[in-house]
Each structure stands twice: as C-alpha cells, then as structure tokens.
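Enquirer: After the structure tokens below, expect a handful of questions from me.
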Amino acid sequence: MKKILVAVDNIENITIVSPLIEKTIDLANAFSSRVWLLHVSPHTRQSPFNIDKTVLRREAAHELHDEHEFFHQLAKCLRDRNVDATSLMVEGATIKTILDEADRLEIDLIILGCHRHSELFGSLTNATDKGLLNKCSRPVMFVPLP
C-alpha cells in the first residue's frame with residue numbers, strides 16, 4: 001500500500017487532528033505510503049439571471065483560492081509529520097473524478113470520511129451503477145466522522 005488517495009468533501013470539518021487525517025497519517029507511516037489529498041469541486045454552474053456574472057466569478061475564484069490554500073497547508077502539516085503528501089483540487093463530478101484520479105495516480109487505497117446518513121455516503125455505497133463501490137476496482141476505506 002504505497003499510494004493512498006484521501007477524498008475530502010467538506011473542508012470545514014477537516015483538521016490535522018480529525019479522524020480522517022489521523023487514520024491517514026497512521027496508515028501512511030505504517031506502510032511508508034505517499035498520500036494525495038483530493039478535493040473535488042463541482043463544475044461551476046450557470047449564474048442566476050439577477051446576479052452579475054463578474055461578481056459570481058470573482059466570489060467563486062476567491063473561494064477556490066481559499067480552499068486551495070487550505071489543502072496546501074494541510075499537506076504541509078502531513079509532511080511535518082513525515083508523510084509524503086500532495087494536495088489536489090480538481091473540478092468535476094465527484095465519483096468520476098475520484099476514480100479518474102485513482103487510476104491516473106495508480107492508487108492502492110482510497111480513504112473517505114463519511115457520515116452514515118449523508119448524501120455522499122448514500123451515493124458512494126448506492127447499489128446502482130452510480131455508486132463508487134460498484135465502479136471502483138481499488139480498496140476503499142471509510143472513516144466514520146463525528
């Protein structure tokens with residue numbers, strides 16, 4: 001298990017001491033693994049007719065910049081704990097992007113934080129062909145989040 005992809009959907013609940021990151025650090029140190037922190041941003045949507053597109057683009061760019069900086073700092077914190085970590089922000093559909101990045105990076109393990117009753121958990125474990133587990137040929141580890 002040399003390559004680990006950690007998919008983070010909500011940065012507001014993630015810190016260096018959150019269960020998702022702590023479990024990642026434990027595994028990475030135990031197996032001398034390289035870690036990629038992945039945050040998937042949904043495609044930008046069409047702006048409502050009453051909002052200036054320039055303002056909307058500026059706000060979206062500011063938010064993406066803040067998220068990028070957060071992930072950069074989080075990866076640095078992992079490196080400070082002797083984990084070879086890289087942050088990635090990719091725009092796209094969540095499940096497809098996770099699978100594409102896992103294939104591109106030849107990932108050995110995908111780690112996801114989950115709330116048992118969240119929409120993301122439902123879409124990941126859904127029995128239909130849309131669920132990540134049905135499409136993924138790699139091991140997936142779910143870390144329960146508070």
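Ordered as shown in the structure tokens, chains take letters A, B, and onward, while each chain numbers its residues from 1 and ligands are numbered from 1 in the order shown.
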List the spatial neighbours of Arg34 in chain A as a ChimeraX atom specification - criterion: any atom at most 7 Å away, only C-alpha atoms, same-chain residues fewer than 2 positions off excluded.

Expert: /A:2-4,28,32,36,83-85

Enquirer: Put those residues in a file: N, CA and C atoms, as a compact mmCIF listing (two decimals), in the first residue's frame.

Expert:
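The result, written out as part-v3.txt:
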# COMPACT_ATOMS: atom_id res chain seq x y z
N LYS A 2 1.43 1.56 -1.15
CA LYS A 2 2.38 2.66 -1.25
C LYS A 2 1.73 3.97 -1.64
N LYS A 3 0.53 3.93 -2.20
CA LYS A 3 -0.12 5.16 -2.65
C LYS A 3 -1.55 5.23 -2.10
N ILE A 4 -1.83 6.31 -1.37
CA ILE A 4 -3.14 6.49 -0.74
C ILE A 4 -3.77 7.78 -1.24
N ALA A 28 -0.14 5.86 6.52
CA ALA A 28 0.99 6.31 5.72
C ALA A 28 2.31 6.03 6.42
N SER A 32 4.86 3.45 4.93
CA SER A 32 5.71 4.39 4.18
C SER A 32 5.04 4.78 2.87
N TRP A 36 -2.12 11.49 -1.37
CA TRP A 36 -2.70 12.60 -2.13
C TRP A 36 -4.01 12.98 -1.46
N VAL A 83 5.00 12.45 6.47
CA VAL A 83 4.17 11.81 5.44
C VAL A 83 4.38 12.57 4.14
N ASP A 84 4.74 11.83 3.09
CA ASP A 84 4.91 12.43 1.77
C ASP A 84 3.51 12.74 1.23
N ALA A 85 3.11 14.00 1.31
CA ALA A 85 1.73 14.37 0.98
C ALA A 85 1.68 15.46 -0.08

Enquirer: Residues near Phe71 in chain A, anyone? I mean within 10 Å using only C-alpha atoms, not counting same-chain ones fewer than 4 positions away, as a list in words.

Expert: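 Selected residues are Val8, Ile11, Ile14, Leu37, Leu38, His39, Asp66, Glu67, Ala75, Lys76, Cys77, Thr86, Ser87, Leu88 and Met89 of chain A.
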
Enquirer: Tell me, as a VMD selection string, which residues lie within 12 Å of Lys23 in chain A, counting only C-alpha atoms; anything in the same chain fewer than 3 positions away does not count.

Expert: chain A and resid 4 6 16 to 20 26 to 30 35 78 111 to 113 141 to 145

Enquirer: What does the structure give for the distance between CA of Leu74 in chain A and CA of Thr15 in chain A, in Å to one decimal?

Expert: 7.5 Å

Enquirer: Would you mind telling me which residue in A:Ile110, A:Phe70, A:Pro139, A:Met1 lies nearest to Asn13 in chain A when using only C-alpha atoms?

Expert: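 Closest to Asn13 in chain A of all the choices is A:Phe70.
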
Enquirer: Please report the interatomic distance between CA of His68 in chain A and CA of Ser137 in chain A in Å with one decimal.

Expert: 28.5 Å

Enquirer: Using only C-alpha atoms, which residue out of A:Ala102, A:Glu91, A:Ser41, A:Asn82 lies closest to Asp9 in chain A?

Expert: A:Ser41

Enquirer: Within 8 Å of Thr94 in chain A, counting only C-alpha atoms, which residues show up once you throw out same-chain ones fewer than 2 positions away? Write them as a list of chain:residue names, please.

Expert: A:Val40, A:Ser41, A:Pro42, A:Gly92, A:Lys96, A:Thr97, A:Ile98

Enquirer: With C-alpha atoms kept, could you save the residues just selected as a tab-separated table (two decimals), in the first residue's frame?

Expert:
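Writing the result to selection10.tsv gives the following:
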chain	number	residue	atom	x	y	z
A	40	VAL	CA	-13.34	17.68	-5.94
A	41	SER	CA	-15.05	20.96	-6.78
A	42	PRO	CA	-18.28	20.65	-8.73
A	92	GLY	CA	-15.63	17.61	-11.95
A	96	LYS	CA	-15.93	10.05	-11.67
A	97	THR	CA	-13.15	12.40	-10.60
A	98	ILE	CA	-12.16	10.22	-7.63
